Structures are given as C-alpha cells and as structure tokens.
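**Q** Contents of final-v8.pdb (PDB, C-alpha atoms and all ligand atoms) are given next:
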MODEL        1
ATOM      1  CA  MET C   1      -4.869  15.559  17.011  1.00  0.00           C
ATOM      2  CA  LYS C   2      -6.710  15.099  20.325  1.00  0.00           C
ATOM      3  CA  ARG C   3      -6.551  11.331  19.838  1.00  0.00           C
ATOM      4  CA  LEU C   4      -2.815  11.456  19.184  1.00  0.00           C
ATOM      5  CA  LEU C   5      -2.156  13.508  22.309  1.00  0.00           C
ATOM      6  CA  GLU C   6      -4.291  11.184  24.421  1.00  0.00           C
ATOM      7  CA  GLY C   7      -2.314   8.275  23.015  1.00  0.00           C
ATOM      8  CA  TYR C   8       0.953   9.962  23.938  1.00  0.00           C
ATOM      9  CA  ALA C   9      -0.290  10.583  27.480  1.00  0.00           C
ATOM     10  CA  LYS C  10      -1.165   6.887  27.802  1.00  0.00           C
ATOM     11  CA  PHE C  11       2.226   5.879  26.385  1.00  0.00           C
ATOM     12  CA  ARG C  12       4.089   8.035  28.913  1.00  0.00           C
ATOM     13  CA  SER C  13       1.971   7.039  31.888  1.00  0.00           C
ATOM     14  CA  SER C  14       1.511   3.296  31.389  1.00  0.00           C
ATOM     15  CA  VAL C  15       3.098   1.790  28.246  1.00  0.00           C
ATOM     16  CA  PHE C  16       6.608   3.213  28.556  1.00  0.00           C
ATOM     17  CA  PRO C  17       7.064   2.414  32.269  1.00  0.00           C
ATOM     18  CA  GLN C  18       6.196  -1.244  31.584  1.00  0.00           C
ATOM     19  CA  ALA C  19       8.760  -1.515  28.770  1.00  0.00           C
ATOM     20  CA  LYS C  20      11.417   0.600  30.451  1.00  0.00           C
ATOM     21  CA  ASP C  21      14.089  -2.105  30.430  1.00  0.00           C
ATOM     22  CA  ARG C  22      13.661  -2.725  26.719  1.00  0.00           C
ATOM     23  CA  PHE C  23      13.911   0.971  25.926  1.00  0.00           C
ATOM     24  CA  ARG C  24      17.046   1.244  28.089  1.00  0.00           C
ATOM     25  CA  LEU C  25      18.693  -1.470  25.976  1.00  0.00           C
ATOM     26  CA  LEU C  26      17.624   0.316  22.799  1.00  0.00           C
ATOM     27  CA  ALA C  27      18.585   3.818  23.880  1.00  0.00           C
ATOM     28  CA  ASP C  28      21.965   3.828  22.135  1.00  0.00           C
ATOM     29  CA  ARG C  29      21.951   0.851  19.778  1.00  0.00           C
ATOM     30  CA  GLN C  30      19.751  -1.107  17.391  1.00  0.00           C
ATOM     31  CA  ALA C  31      20.167  -4.459  15.692  1.00  0.00           C
ATOM     32  CA  PRO C  32      17.010  -5.130  13.665  1.00  0.00           C
ATOM     33  CA  ASP C  33      16.921  -8.391  11.741  1.00  0.00           C
ATOM     34  CA  ALA C  34      14.793  -7.093   8.886  1.00  0.00           C
ATOM     35  CA  LEU C  35      14.157  -4.073   6.730  1.00  0.00           C
ATOM     36  CA  PHE C  36      10.420  -3.752   6.002  1.00  0.00           C
ATOM     37  CA  ILE C  37       9.476  -1.541   3.059  1.00  0.00           C
ATOM     38  CA  THR C  38       5.796  -0.784   2.643  1.00  0.00           C
ATOM     39  CA  CYS C  39       3.290   1.805   1.452  1.00  0.00           C
ATOM     40  CA  ALA C  40       2.409   4.909   3.480  1.00  0.00           C
ATOM     41  CA  ASP C  41      -1.205   3.678   3.758  1.00  0.00           C
ATOM     42  CA  SER C  42      -2.640   4.181   7.269  1.00  0.00           C
ATOM     43  CA  ARG C  43      -4.243   0.734   7.251  1.00  0.00           C
ATOM     44  CA  VAL C  44      -0.941  -1.103   7.005  1.00  0.00           C
ATOM     45  CA  VAL C  45       0.570  -1.264  10.503  1.00  0.00           C
ATOM     46  CA  PRO C  46       3.656  -3.528  10.377  1.00  0.00           C
ATOM     47  CA  ASP C  47       4.177  -3.804  14.154  1.00  0.00           C
ATOM     48  CA  LEU C  48       0.555  -4.895  14.545  1.00  0.00           C
ATOM     49  CA  ILE C  49       0.510  -7.363  11.646  1.00  0.00           C
ATOM     50  CA  LEU C  50       3.806  -9.011  12.610  1.00  0.00           C
ATOM     51  CA  GLN C  51       3.535  -8.405  16.349  1.00  0.00           C
ATOM     52  CA  THR C  52       6.959  -6.803  16.410  1.00  0.00           C
ATOM     53  CA  GLU C  53       8.365  -4.490  19.065  1.00  0.00           C
ATOM     54  CA  PRO C  54      10.644  -1.449  19.088  1.00  0.00           C
ATOM     55  CA  GLY C  55      14.036  -2.476  17.721  1.00  0.00           C
ATOM     56  CA  ASP C  56      12.783  -5.472  15.736  1.00  0.00           C
ATOM     57  CA  MET C  57      12.405  -3.968  12.257  1.00  0.00           C
ATOM     58  CA  PHE C  58      13.987  -1.154  10.286  1.00  0.00           C
ATOM     59  CA  LEU C  59      11.061   0.451   8.541  1.00  0.00           C
ATOM     60  CA  CYS C  60      10.736   2.359   5.288  1.00  0.00           C
ATOM     61  CA  ARG C  61       7.438   3.739   4.052  1.00  0.00           C
ATOM     62  CA  ALA C  62       6.854   5.223   0.633  1.00  0.00           C
ATOM     63  CA  VAL C  63       3.742   5.611  -1.506  1.00  0.00           C
ATOM     64  CA  GLY C  64       3.211   2.429  -3.537  1.00  0.00           C
ATOM     65  CA  ASN C  65       6.069   0.633  -1.690  1.00  0.00           C
ATOM     66  CA  ILE C  66       8.317   1.800  -4.493  1.00  0.00           C
ATOM     67  CA  ILE C  67      12.042   1.106  -4.516  1.00  0.00           C
ATOM     68  CA  PRO C  68      13.622   3.078  -7.373  1.00  0.00           C
ATOM     69  CA  PRO C  69      16.133   0.991  -9.354  1.00  0.00           C
ATOM     70  CA  TYR C  70      19.708   1.623  -8.213  1.00  0.00           C
ATOM     71  CA  GLY C  71      21.234   4.798  -9.622  1.00  0.00           C
ATOM     72  CA  THR C  72      17.970   6.351 -10.825  1.00  0.00           C
ATOM     73  CA  MET C  73      17.361   8.391  -7.689  1.00  0.00           C
ATOM     74  CA  ALA C  74      19.418   9.053  -4.553  1.00  0.00           C
ATOM     75  CA  GLY C  75      16.325   9.384  -2.371  1.00  0.00           C
ATOM     76  CA  GLY C  76      15.144   8.259   1.023  1.00  0.00           C
ATOM     77  CA  VAL C  77      14.207   4.718   0.035  1.00  0.00           C
ATOM     78  CA  SER C  78      17.577   3.950  -1.574  1.00  0.00           C
ATOM     79  CA  SER C  79      19.529   5.407   1.342  1.00  0.00           C
ATOM     80  CA  THR C  80      17.397   3.428   3.817  1.00  0.00           C
ATOM     81  CA  VAL C  81      18.202   0.228   1.908  1.00  0.00           C
ATOM     82  CA  GLU C  82      21.898   1.117   1.865  1.00  0.00           C
ATOM     83  CA  TYR C  83      22.018   1.865   5.601  1.00  0.00           C
ATOM     84  CA  ALA C  84      20.045  -1.246   6.544  1.00  0.00           C
ATOM     85  CA  VAL C  85      22.392  -3.522   4.626  1.00  0.00           C
ATOM     86  CA  GLU C  86      25.777  -1.847   5.043  1.00  0.00           C
ATOM     87  CA  VAL C  87      25.484  -0.646   8.640  1.00  0.00           C
ATOM     88  CA  LEU C  88      22.772  -2.701  10.327  1.00  0.00           C
ATOM     89  CA  HIS C  89      23.510  -5.903   8.378  1.00  0.00           C
ATOM     90  CA  VAL C  90      19.840  -6.934   8.203  1.00  0.00           C
ATOM     91  CA  ARG C  91      19.343 -10.515   7.044  1.00  0.00           C
ATOM     92  CA  HIS C  92      15.954  -9.974   5.424  1.00  0.00           C
ATOM     93  CA  VAL C  93      14.496  -7.240   3.250  1.00  0.00           C
ATOM     94  CA  ILE C  94      10.732  -7.380   2.784  1.00  0.00           C
ATOM     95  CA  VAL C  95       8.834  -5.309   0.241  1.00  0.00           C
ATOM     96  CA  CYS C  96       5.165  -5.400   1.194  1.00  0.00           C
ATOM     97  CA  GLY C  97       2.290  -4.169  -0.965  1.00  0.00           C
ATOM     98  CA  HIS C  98      -1.325  -4.173   0.133  1.00  0.00           C
ATOM     99  CA  SER C  99      -4.892  -4.535  -1.093  1.00  0.00           C
ATOM    100  CA  ASP C 100      -6.826  -1.439  -2.211  1.00  0.00           C
ATOM    101  CA  CYS C 101      -3.578   0.544  -2.716  1.00  0.00           C
ATOM    102  CA  GLY C 102      -4.519   4.053  -3.889  1.00  0.00           C
ATOM    103  CA  ALA C 103      -1.167   4.556  -5.609  1.00  0.00           C
ATOM    104  CA  ILE C 104      -1.702   1.555  -7.835  1.00  0.00           C
ATOM    105  CA  LYS C 105      -5.315   2.548  -8.478  1.00  0.00           C
ATOM    106  CA  ALA C 106      -3.991   5.865  -9.817  1.00  0.00           C
ATOM    107  CA  MET C 107      -1.927   3.910 -12.350  1.00  0.00           C
ATOM    108  CA  ILE C 108      -5.172   2.552 -13.785  1.00  0.00           C
ATOM    109  CA  ASP C 109      -7.277   5.719 -13.542  1.00  0.00           C
ATOM    110  CA  ARG C 110      -4.866   8.589 -14.056  1.00  0.00           C
ATOM    111  CA  THR C 111      -7.439  11.380 -13.528  1.00  0.00           C
ATOM    112  CA  ALA C 112      -6.526  11.296  -9.828  1.00  0.00           C
ATOM    113  CA  LEU C 113      -2.960  12.298 -10.745  1.00  0.00           C
ATOM    114  CA  GLU C 114      -3.863  15.543 -12.508  1.00  0.00           C
ATOM    115  CA  ARG C 115      -3.404  17.578  -9.335  1.00  0.00           C
ATOM    116  CA  LEU C 116      -0.491  15.485  -8.077  1.00  0.00           C
ATOM    117  CA  PRO C 117       2.561  16.116 -10.270  1.00  0.00           C
ATOM    118  CA  LEU C 118       5.053  14.827  -7.695  1.00  0.00           C
ATOM    119  CA  THR C 119       3.082  11.629  -7.159  1.00  0.00           C
ATOM    120  CA  ALA C 120       2.682  11.179 -10.919  1.00  0.00           C
ATOM    121  CA  LYS C 121       6.456  11.360 -11.320  1.00  0.00           C
ATOM    122  CA  TRP C 122       7.100   8.976  -8.405  1.00  0.00           C
ATOM    123  CA  LEU C 123       4.578   6.476  -9.820  1.00  0.00           C
ATOM    124  CA  GLY C 124       6.678   6.343 -12.980  1.00  0.00           C
ATOM    125  CA  PHE C 125       8.588   3.675 -11.034  1.00  0.00           C
ATOM    126  CA  VAL C 126       5.445   1.508 -11.148  1.00  0.00           C
ATOM    127  CA  GLU C 127       5.349   1.411 -14.977  1.00  0.00           C
ATOM    128  CA  SER C 128       7.554  -1.695 -15.026  1.00  0.00           C
ATOM    129  CA  ALA C 129       4.852  -3.531 -13.042  1.00  0.00           C
ATOM    130  CA  TRP C 130       2.704  -3.894 -16.170  1.00  0.00           C
ATOM    131  CA  ARG C 131       5.292  -6.391 -17.475  1.00  0.00           C
ATOM    132  CA  HIS C 132       4.668  -8.603 -14.440  1.00  0.00           C
ATOM    133  CA  LEU C 133       0.865  -8.556 -14.619  1.00  0.00           C
ATOM    134  CA  ASP C 134      -0.504 -12.093 -14.744  1.00  0.00           C
ATOM    135  CA  PRO C 135      -1.980 -12.472 -18.262  1.00  0.00           C
ATOM    136  CA  ALA C 136      -4.852 -14.471 -16.712  1.00  0.00           C
ATOM    137  CA  THR C 137      -6.021 -11.401 -14.738  1.00  0.00           C
ATOM    138  CA  PRO C 138      -9.731 -10.697 -15.471  1.00  0.00           C
ATOM    139  CA  ASN C 139     -10.339  -7.318 -17.072  1.00  0.00           C
ATOM    140  CA  ASP C 140     -12.781  -5.902 -14.512  1.00  0.00           C
ATOM    141  CA  PRO C 141     -11.457  -2.895 -12.510  1.00  0.00           C
ATOM    142  CA  LYS C 142     -11.211  -4.682  -9.140  1.00  0.00           C
ATOM    143  CA  SER C 143      -9.302  -7.687 -10.519  1.00  0.00           C
ATOM    144  CA  LEU C 144      -7.030  -5.459 -12.573  1.00  0.00           C
ATOM    145  CA  HIS C 145      -6.303  -3.317  -9.502  1.00  0.00           C
ATOM    146  CA  THR C 146      -5.442  -6.348  -7.334  1.00  0.00           C
ATOM    147  CA  GLY C 147      -3.456  -7.928 -10.181  1.00  0.00           C
ATOM    148  CA  LEU C 148      -1.398  -4.775 -10.686  1.00  0.00           C
ATOM    149  CA  ILE C 149      -0.712  -4.504  -6.933  1.00  0.00           C
ATOM    150  CA  HIS C 150       0.746  -8.024  -7.055  1.00  0.00           C
ATOM    151  CA  ALA C 151       2.680  -7.178 -10.229  1.00  0.00           C
ATOM    152  CA  ASN C 152       4.082  -4.059  -8.550  1.00  0.00           C
ATOM    153  CA  ILE C 153       5.381  -6.148  -5.654  1.00  0.00           C
ATOM    154  CA  ILE C 154       7.313  -8.238  -8.191  1.00  0.00           C
ATOM    155  CA  ALA C 155       8.559  -5.090  -9.959  1.00  0.00           C
ATOM    156  CA  GLN C 156       9.814  -3.525  -6.716  1.00  0.00           C
ATOM    157  CA  TYR C 157      11.320  -6.854  -5.598  1.00  0.00           C
ATOM    158  CA  GLU C 158      13.264  -6.856  -8.877  1.00  0.00           C
ATOM    159  CA  ASN C 159      14.247  -3.186  -8.387  1.00  0.00           C
ATOM    160  CA  LEU C 160      15.580  -4.061  -4.947  1.00  0.00           C
ATOM    161  CA  LYS C 161      17.948  -6.582  -6.488  1.00  0.00           C
ATOM    162  CA  THR C 162      19.502  -3.877  -8.712  1.00  0.00           C
ATOM    163  CA  HIS C 163      21.038  -2.319  -5.580  1.00  0.00           C
ATOM    164  CA  PRO C 164      24.622  -3.660  -5.418  1.00  0.00           C
ATOM    165  CA  HIS C 165      24.658  -4.220  -1.636  1.00  0.00           C
ATOM    166  CA  ILE C 166      21.456  -6.277  -1.968  1.00  0.00           C
ATOM    167  CA  ALA C 167      22.808  -8.267  -4.927  1.00  0.00           C
ATOM    168  CA  ARG C 168      26.030  -8.970  -3.023  1.00  0.00           C
ATOM    169  CA  GLY C 169      24.119 -10.107   0.069  1.00  0.00           C
ATOM    170  CA  ILE C 170      22.024 -12.504  -2.009  1.00  0.00           C
ATOM    171  CA  GLN C 171      25.117 -13.875  -3.741  1.00  0.00           C
ATOM    172  CA  GLU C 172      26.970 -14.337  -0.442  1.00  0.00           C
ATOM    173  CA  LYS C 173      23.834 -15.798   1.169  1.00  0.00           C
ATOM    174  CA  THR C 174      23.907 -13.262   4.000  1.00  0.00           C
ATOM    175  CA  LEU C 175      20.618 -11.710   2.980  1.00  0.00           C
ATOM    176  CA  GLN C 176      17.238 -12.694   1.545  1.00  0.00           C
ATOM    177  CA  VAL C 177      14.656 -10.526  -0.185  1.00  0.00           C
ATOM    178  CA  HIS C 178      10.930 -11.159   0.121  1.00  0.00           C
ATOM    179  CA  GLY C 179       7.882  -9.846  -1.729  1.00  0.00           C
ATOM    180  CA  TRP C 180       4.677  -9.829   0.322  1.00  0.00           C
ATOM    181  CA  TYR C 181       1.060  -8.898  -0.340  1.00  0.00           C
ATOM    182  CA  TYR C 182      -1.055  -7.904   2.677  1.00  0.00           C
ATOM    183  CA  ASP C 183      -4.846  -8.132   2.438  1.00  0.00           C
ATOM    184  CA  ILE C 184      -6.519  -5.484   4.620  1.00  0.00           C
ATOM    185  CA  LEU C 185      -9.903  -7.277   4.597  1.00  0.00           C
ATOM    186  CA  THR C 186      -8.651 -10.698   5.745  1.00  0.00           C
ATOM    187  CA  GLY C 187      -5.350  -9.854   7.465  1.00  0.00           C
ATOM    188  CA  ALA C 188      -3.651 -12.546   5.369  1.00  0.00           C
ATOM    189  CA  ILE C 189      -0.206 -12.234   3.784  1.00  0.00           C
ATOM    190  CA  GLU C 190       0.877 -13.894   0.536  1.00  0.00           C
ATOM    191  CA  ALA C 191       4.556 -14.347  -0.340  1.00  0.00           C
ATOM    192  CA  TRP C 192       6.068 -14.149  -3.821  1.00  0.00           C
ATOM    193  CA  GLN C 193       7.828 -17.330  -4.859  1.00  0.00           C
ATOM    194  CA  GLU C 194      10.311 -16.314  -7.511  1.00  0.00           C
ATOM    195  CA  THR C 195      11.204 -19.812  -8.679  1.00  0.00           C
ATOM    196  CA  GLU C 196       7.572 -20.899  -9.044  1.00  0.00           C
ATOM    197  CA  ARG C 197       6.423 -17.459 -10.283  1.00  0.00           C
ATOM    198  CA  LYS C 198       3.442 -17.328  -7.939  1.00  0.00           C
ATOM    199  CA  PHE C 199       2.198 -15.949  -4.613  1.00  0.00           C
ATOM    200  CA  ILE C 200       1.467 -18.441  -1.829  1.00  0.00           C
ATOM    201  CA  PRO C 201       0.161 -18.043   1.759  1.00  0.00           C
ATOM    202  CA  LEU C 202       2.927 -16.907   4.118  1.00  0.00           C
ATOM    203  CA  GLU C 203       2.086 -19.826   6.411  1.00  0.00           C
ATOM    204  CA  GLN C 204       3.410 -22.167   3.720  1.00  0.00           C
ATOM    205  CA  VAL C 205       6.834 -20.559   3.710  1.00  0.00           C
ATOM    206  CA  ALA C 206       7.012 -20.088   7.475  1.00  0.00           C
ATOM    207  CA  GLU C 207       8.417 -23.587   8.051  1.00  0.00           C
ATOM    208  CA  GLN C 208      11.683 -22.905   6.255  1.00  0.00           C
ATOM    209  CA  PHE C 209      12.446 -20.165   8.784  1.00  0.00           C
ATOM    210  CA  ALA C 210      11.494 -22.212  11.841  1.00  0.00           C
ATOM    211  CA  ALA C 211      15.061 -23.425  12.298  1.00  0.00           C
ATOM    212  CA  GLU C 212      16.579 -19.977  11.848  1.00  0.00           C
ATOM    213  CA  PRO C 213      18.696 -18.840  14.841  1.00  0.00           C
ATOM    214  CA  ALA C 214      17.303 -15.951  16.881  1.00  0.00           C
ATOM    215  CA  ALA C 215      18.450 -12.456  15.949  1.00  0.00           C
ATOM    216  CA  SER C 216      21.433 -11.179  17.883  1.00  0.00           C
TER
HETATM  217 ZN    ZN C 301      -0.722   1.853  -0.847  1.00  0.00          ZN
ENDMDL
END
Would you kindly transcribe this structure into structure tokens?
**A**
Amino acid sequence: MKRLLEGYAKFRSSVFPQAKDRFRLLADRQAPDALFITCADSRVVPDLILQTEPGDMFLCRAVGNIIPPYGTMAGGVSSTVEYAVEVLHVRHVIVCGHSDCGAIKAMIDRTALERLPLTAKWLGFVESAWRHLDPATPNDPKSLHTGLIHANIIAQYENLKTHPHIARGIQEKTLQVHGWYYDILTGAIEAWQETERKFIPLEQVAEQFAAEPAAS
C-alpha cells in the first residue's frame, strides 16, 4: 500500500500538472477508438504495452479474458461490450490473452480450482477453447498451456461475435474484432488471422492500419 500511496503523491505533484490540459478535455467526455478486453493479470499493462494515454482505450479486465457468449450471462463484460459499441461507437474490439495465464493453467490442472468455486464456474466459458487447440500442439505441460491460451483467444473472439451489436458492426464494416496474444517474456504480440487460421506477429498486420484516419 505504501508504494501505491507514494505513486499517488507523485501523480498529484508532478504527473497530473503536466497533463492538465488533456485531463480538462477528458473531464466530461470520452471518445476511445478501441475496447481492450484482457485478463486481470498484474503483468499485463495495456497502457504500457500500447503506449496509450487516458481516453485512448475503453478497458475491460476479467480473469482469463473471458467474454461469455451473448445471452448466457448479463455480467460486467457483456455490459462493457454493449456500452463500448452502442454508446462510444468504438471501431475496434481487441481480446488479448497472455503467456503464463493462471486461469488457463487451472483448466489443465484443476486441483487449483478446488477452493475457488466462483472461478471454476467462470472458467466454464473456457471449455470451448479445447475445440480450437491446434492438433499439432506438443503434449508437454508448457506447450499445452501456451496452446490452450491461444485457443482460448480464438474461443473468446468467437464469443464476442455472438453479441448482436458486434455482429452488426462487423456486417456494416463499422467495427473490427481482433484476437491478440501478449508474451510477457518478450513483450511481443501475435494477432489471430481468422481467414488463415493462424497467429502472426502484430507488426505484420500493422501496415493495413497505417492509412486509417486518426480517431476523432
Ligand atoms: Zn491471465
């Protein structure tokens, strides 16, 4: 807690004064271009990884970066998706999983879930990931863990598309969904390519967005 309070003191004394104009613009409105949905893991820091600032991204964090399929649960993730699309009109929705995800590890070794009934129930939404596991995944624990993390990104990407406002946005070409994998060890991001059924380095897909107009 001491570290948090020291951080707050620094924010008030030096960080906030320097960004005062930006915060004044943001005080009563927001227009983020993207909704970023990721795990609660402390090692995944979206504003650091993407070098974004206050107001840039609408953020949703949930264990295992799970997005329940539409209609199965009227929870925080689904309402965040709804608000981001219907009110904020975000143009991109990114579901981002990460290496060494404890939630996905618990899907492989369920002993960790014995004392966590709520988590066990929530992770039921990861079951569909097994269908997306690359059959070429080696059977050792580390490879299986990483393979299932990737498969879960695909599963949650598919769940996202069951939400009618997302499906409509895709159909009307006002919105794109993205599935990303973030590697904590290397800092690299891989992006799911639905048509080619594979993950590729984010750098390789960056070019197609180079011509995109700046967010309003
Ligand atoms: Zn995680």
**Q** Would you write out, as a tab-separated table, a table of all residues in chain C that have an atom no more than 9 Å from an atom of ligand ZN 301 (chain C), listing for each the closest atom pair and the distance in Å to one decimal, considering all atoms listed in the file and ordering rows by chain and rising residue number?
**A**
residue	atom	partner	partner_atom	distance
C:Thr38	CA	C:ZN301	ZN	7.8
C:Cys39	CA	C:ZN301	ZN	4.6
C:Ala40	CA	C:ZN301	ZN	6.2
C:Asp41	CA	C:ZN301	ZN	5.0
C:Ser42	CA	C:ZN301	ZN	8.7
C:Arg43	CA	C:ZN301	ZN	8.9
C:Val44	CA	C:ZN301	ZN	8.4
C:Ala62	CA	C:ZN301	ZN	8.4
C:Val63	CA	C:ZN301	ZN	5.9
C:Gly64	CA	C:ZN301	ZN	4.8
C:Asn65	CA	C:ZN301	ZN	7.0
C:Gly97	CA	C:ZN301	ZN	6.7
C:His98	CA	C:ZN301	ZN	6.1
C:Ser99	CA	C:ZN301	ZN	7.6
C:Asp100	CA	C:ZN301	ZN	7.1
C:Cys101	CA	C:ZN301	ZN	3.7
C:Gly102	CA	C:ZN301	ZN	5.3
C:Ala103	CA	C:ZN301	ZN	5.5
C:Ile104	CA	C:ZN301	ZN	7.1
C:Lys105	CA	C:ZN301	ZN	8.9
C:Ile149	CA	C:ZN301	ZN	8.8
**Q** Separation of CA of Pro54 (chain C) and CA of Phe23 (chain C), in Å?
**A** 8.0 Å
**Q** Measuring between all atoms listed in the file, which one of C:Asp140, C:Pro68, C:Phe209, C:Ala188 shows the shortest distance to Ala155 (chain C)?
**A**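 With all atoms listed in the file as the atom set, the closest residue is C:Pro68.
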**Q** Dump as a VMD selection string all residues having an atom at most 10 Å from (13.9, 3.2, 10.7), computed in the file's coordinates with all atoms listed in the file.
**A** chain C and resid 30 32 35 to 36 55 57 to 61 80 83 to 84
**Q** Using CA of Leu88 (chain C) and CA of Ile49 (chain C) as the two end points, give the distance in Å to one decimal.
**A**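 Taking CA of Leu88 (chain C) and CA of Ile49 (chain C), their separation equals 22.8 Å.
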**Q** Going by the chain IDs and residue numbers used in this file, which residues fall under the PyMOL selection byres (((chain C and resi 167-183) around 10) and not hetatm)? Write them as an MDAnalysis selection string.
**A** chainID C and resid 34:38 44 49 85:86 89:100 146 149:150 152:158 160:166 184:194 199:202
**Q** With a cut-off of 12 Å, could you pull out the residues of region 64-101 of chain C touching region 111-130 of chain C and give me the nearest pair of atoms for each, distance in Å to one decimal, using only C-alpha atoms, ordered by chain and ascending number, as a Markdown table?
**A**
| residue | atom | partner | partner_atom | distance |
| --- | --- | --- | --- | --- |
| C:Gly64 | CA | C:Leu123 | CA | 7.6 |
| C:Asn65 | CA | C:Val126 | CA | 9.5 |
| C:Ile66 | CA | C:Phe125 | CA | 6.8 |
| C:Ile67 | CA | C:Phe125 | CA | 7.8 |
| C:Pro68 | CA | C:Phe125 | CA | 6.3 |
| C:Pro69 | CA | C:Phe125 | CA | 8.2 |
| C:Tyr70 | CA | C:Phe125 | CA | 11.7 |
| C:Thr72 | CA | C:Phe125 | CA | 9.8 |
| C:Met73 | CA | C:Trp122 | CA | 10.3 |
| C:Gly75 | CA | C:Trp122 | CA | 11.0 |
| C:Val77 | CA | C:Trp122 | CA | 11.8 |
**Q** Working from the structure I just supplied, which lacks atoms in region 198-213 of chain C, can you model N, CA, C and O atoms there and output them as a PDB file, in the coordinates of the input?
**A**
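Resulting contents of out13.pdb:
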ATOM      1  N   LYS C 198       4.801 -17.482  -8.471  1.00  0.00           N
ATOM      2  CA  LYS C 198       3.442 -17.328  -7.939  1.00  0.00           C
ATOM      3  C   LYS C 198       3.481 -16.877  -6.471  1.00  0.00           C
ATOM      4  O   LYS C 198       4.508 -17.012  -5.796  1.00  0.00           O
ATOM      5  N   PHE C 199       2.344 -16.334  -6.014  1.00  0.00           N
ATOM      6  CA  PHE C 199       2.198 -15.949  -4.613  1.00  0.00           C
ATOM      7  C   PHE C 199       1.547 -17.108  -3.859  1.00  0.00           C
ATOM      8  O   PHE C 199       0.588 -17.710  -4.352  1.00  0.00           O
ATOM      9  N   ILE C 200       2.069 -17.391  -2.663  1.00  0.00           N
ATOM     10  CA  ILE C 200       1.467 -18.441  -1.829  1.00  0.00           C
ATOM     11  C   ILE C 200       1.276 -17.903  -0.404  1.00  0.00           C
ATOM     12  O   ILE C 200       1.930 -16.934  -0.020  1.00  0.00           O
ATOM     13  N   PRO C 201       0.356 -18.519   0.391  1.00  0.00           N
ATOM     14  CA  PRO C 201       0.161 -18.043   1.759  1.00  0.00           C
ATOM     15  C   PRO C 201       1.473 -18.060   2.552  1.00  0.00           C
ATOM     16  O   PRO C 201       2.253 -19.007   2.434  1.00  0.00           O
ATOM     17  N   LEU C 202       1.689 -17.016   3.350  1.00  0.00           N
ATOM     18  CA  LEU C 202       2.927 -16.907   4.118  1.00  0.00           C
ATOM     19  C   LEU C 202       3.113 -18.097   5.062  1.00  0.00           C
ATOM     20  O   LEU C 202       4.239 -18.509   5.329  1.00  0.00           O
ATOM     21  N   GLU C 203       2.004 -18.658   5.523  1.00  0.00           N
ATOM     22  CA  GLU C 203       2.086 -19.826   6.411  1.00  0.00           C
ATOM     23  C   GLU C 203       2.878 -20.957   5.743  1.00  0.00           C
ATOM     24  O   GLU C 203       3.577 -21.713   6.410  1.00  0.00           O
ATOM     25  N   GLN C 204       2.739 -21.068   4.430  1.00  0.00           N
ATOM     26  CA  GLN C 204       3.410 -22.167   3.720  1.00  0.00           C
ATOM     27  C   GLN C 204       4.924 -21.984   3.630  1.00  0.00           C
ATOM     28  O   GLN C 204       5.651 -22.940   3.401  1.00  0.00           O
ATOM     29  N   VAL C 205       5.384 -20.759   3.762  1.00  0.00           N
ATOM     30  CA  VAL C 205       6.834 -20.559   3.710  1.00  0.00           C
ATOM     31  C   VAL C 205       7.424 -20.388   5.109  1.00  0.00           C
ATOM     32  O   VAL C 205       8.637 -20.323   5.278  1.00  0.00           O
ATOM     33  N   ALA C 206       6.536 -20.332   6.106  1.00  0.00           N
ATOM     34  CA  ALA C 206       7.012 -20.088   7.475  1.00  0.00           C
ATOM     35  C   ALA C 206       7.918 -21.206   7.975  1.00  0.00           C
ATOM     36  O   ALA C 206       8.865 -20.961   8.722  1.00  0.00           O
ATOM     37  N   GLU C 207       7.650 -22.442   7.543  1.00  0.00           N
ATOM     38  CA  GLU C 207       8.417 -23.587   8.051  1.00  0.00           C
ATOM     39  C   GLU C 207       9.907 -23.480   7.763  1.00  0.00           C
ATOM     40  O   GLU C 207      10.725 -23.845   8.599  1.00  0.00           O
ATOM     41  N   GLN C 208      10.264 -22.956   6.608  1.00  0.00           N
ATOM     42  CA  GLN C 208      11.683 -22.905   6.255  1.00  0.00           C
ATOM     43  C   GLN C 208      12.462 -21.955   7.157  1.00  0.00           C
ATOM     44  O   GLN C 208      13.686 -22.021   7.228  1.00  0.00           O
ATOM     45  N   PHE C 209      11.757 -21.077   7.883  1.00  0.00           N
ATOM     46  CA  PHE C 209      12.446 -20.165   8.784  1.00  0.00           C
ATOM     47  C   PHE C 209      12.369 -20.640  10.233  1.00  0.00           C
ATOM     48  O   PHE C 209      12.948 -20.016  11.106  1.00  0.00           O
ATOM     49  N   ALA C 210      11.687 -21.742  10.466  1.00  0.00           N
ATOM     50  CA  ALA C 210      11.494 -22.212  11.841  1.00  0.00           C
ATOM     51  C   ALA C 210      12.815 -22.524  12.512  1.00  0.00           C
ATOM     52  O   ALA C 210      12.991 -22.313  13.719  1.00  0.00           O
ATOM     53  N   ALA C 211      13.778 -23.025  11.735  1.00  0.00           N
ATOM     54  CA  ALA C 211      15.061 -23.425  12.298  1.00  0.00           C
ATOM     55  C   ALA C 211      16.077 -22.278  12.359  1.00  0.00           C
ATOM     56  O   ALA C 211      17.195 -22.467  12.819  1.00  0.00           O
ATOM     57  N   GLU C 212      15.657 -21.105  11.907  1.00  0.00           N
ATOM     58  CA  GLU C 212      16.579 -19.977  11.848  1.00  0.00           C
ATOM     59  C   GLU C 212      16.986 -19.539  13.260  1.00  0.00           C
ATOM     60  O   GLU C 212      16.134 -19.423  14.134  1.00  0.00           O
ATOM     61  N   PRO C 213      18.285 -19.288  13.504  1.00  0.00           N
ATOM     62  CA  PRO C 213      18.696 -18.840  14.841  1.00  0.00           C
ATOM     63  C   PRO C 213      18.098 -17.474  15.172  1.00  0.00           C
ATOM     64  O   PRO C 213      17.839 -16.680  14.274  1.00  0.00           O
TER      65      PRO C 213
END
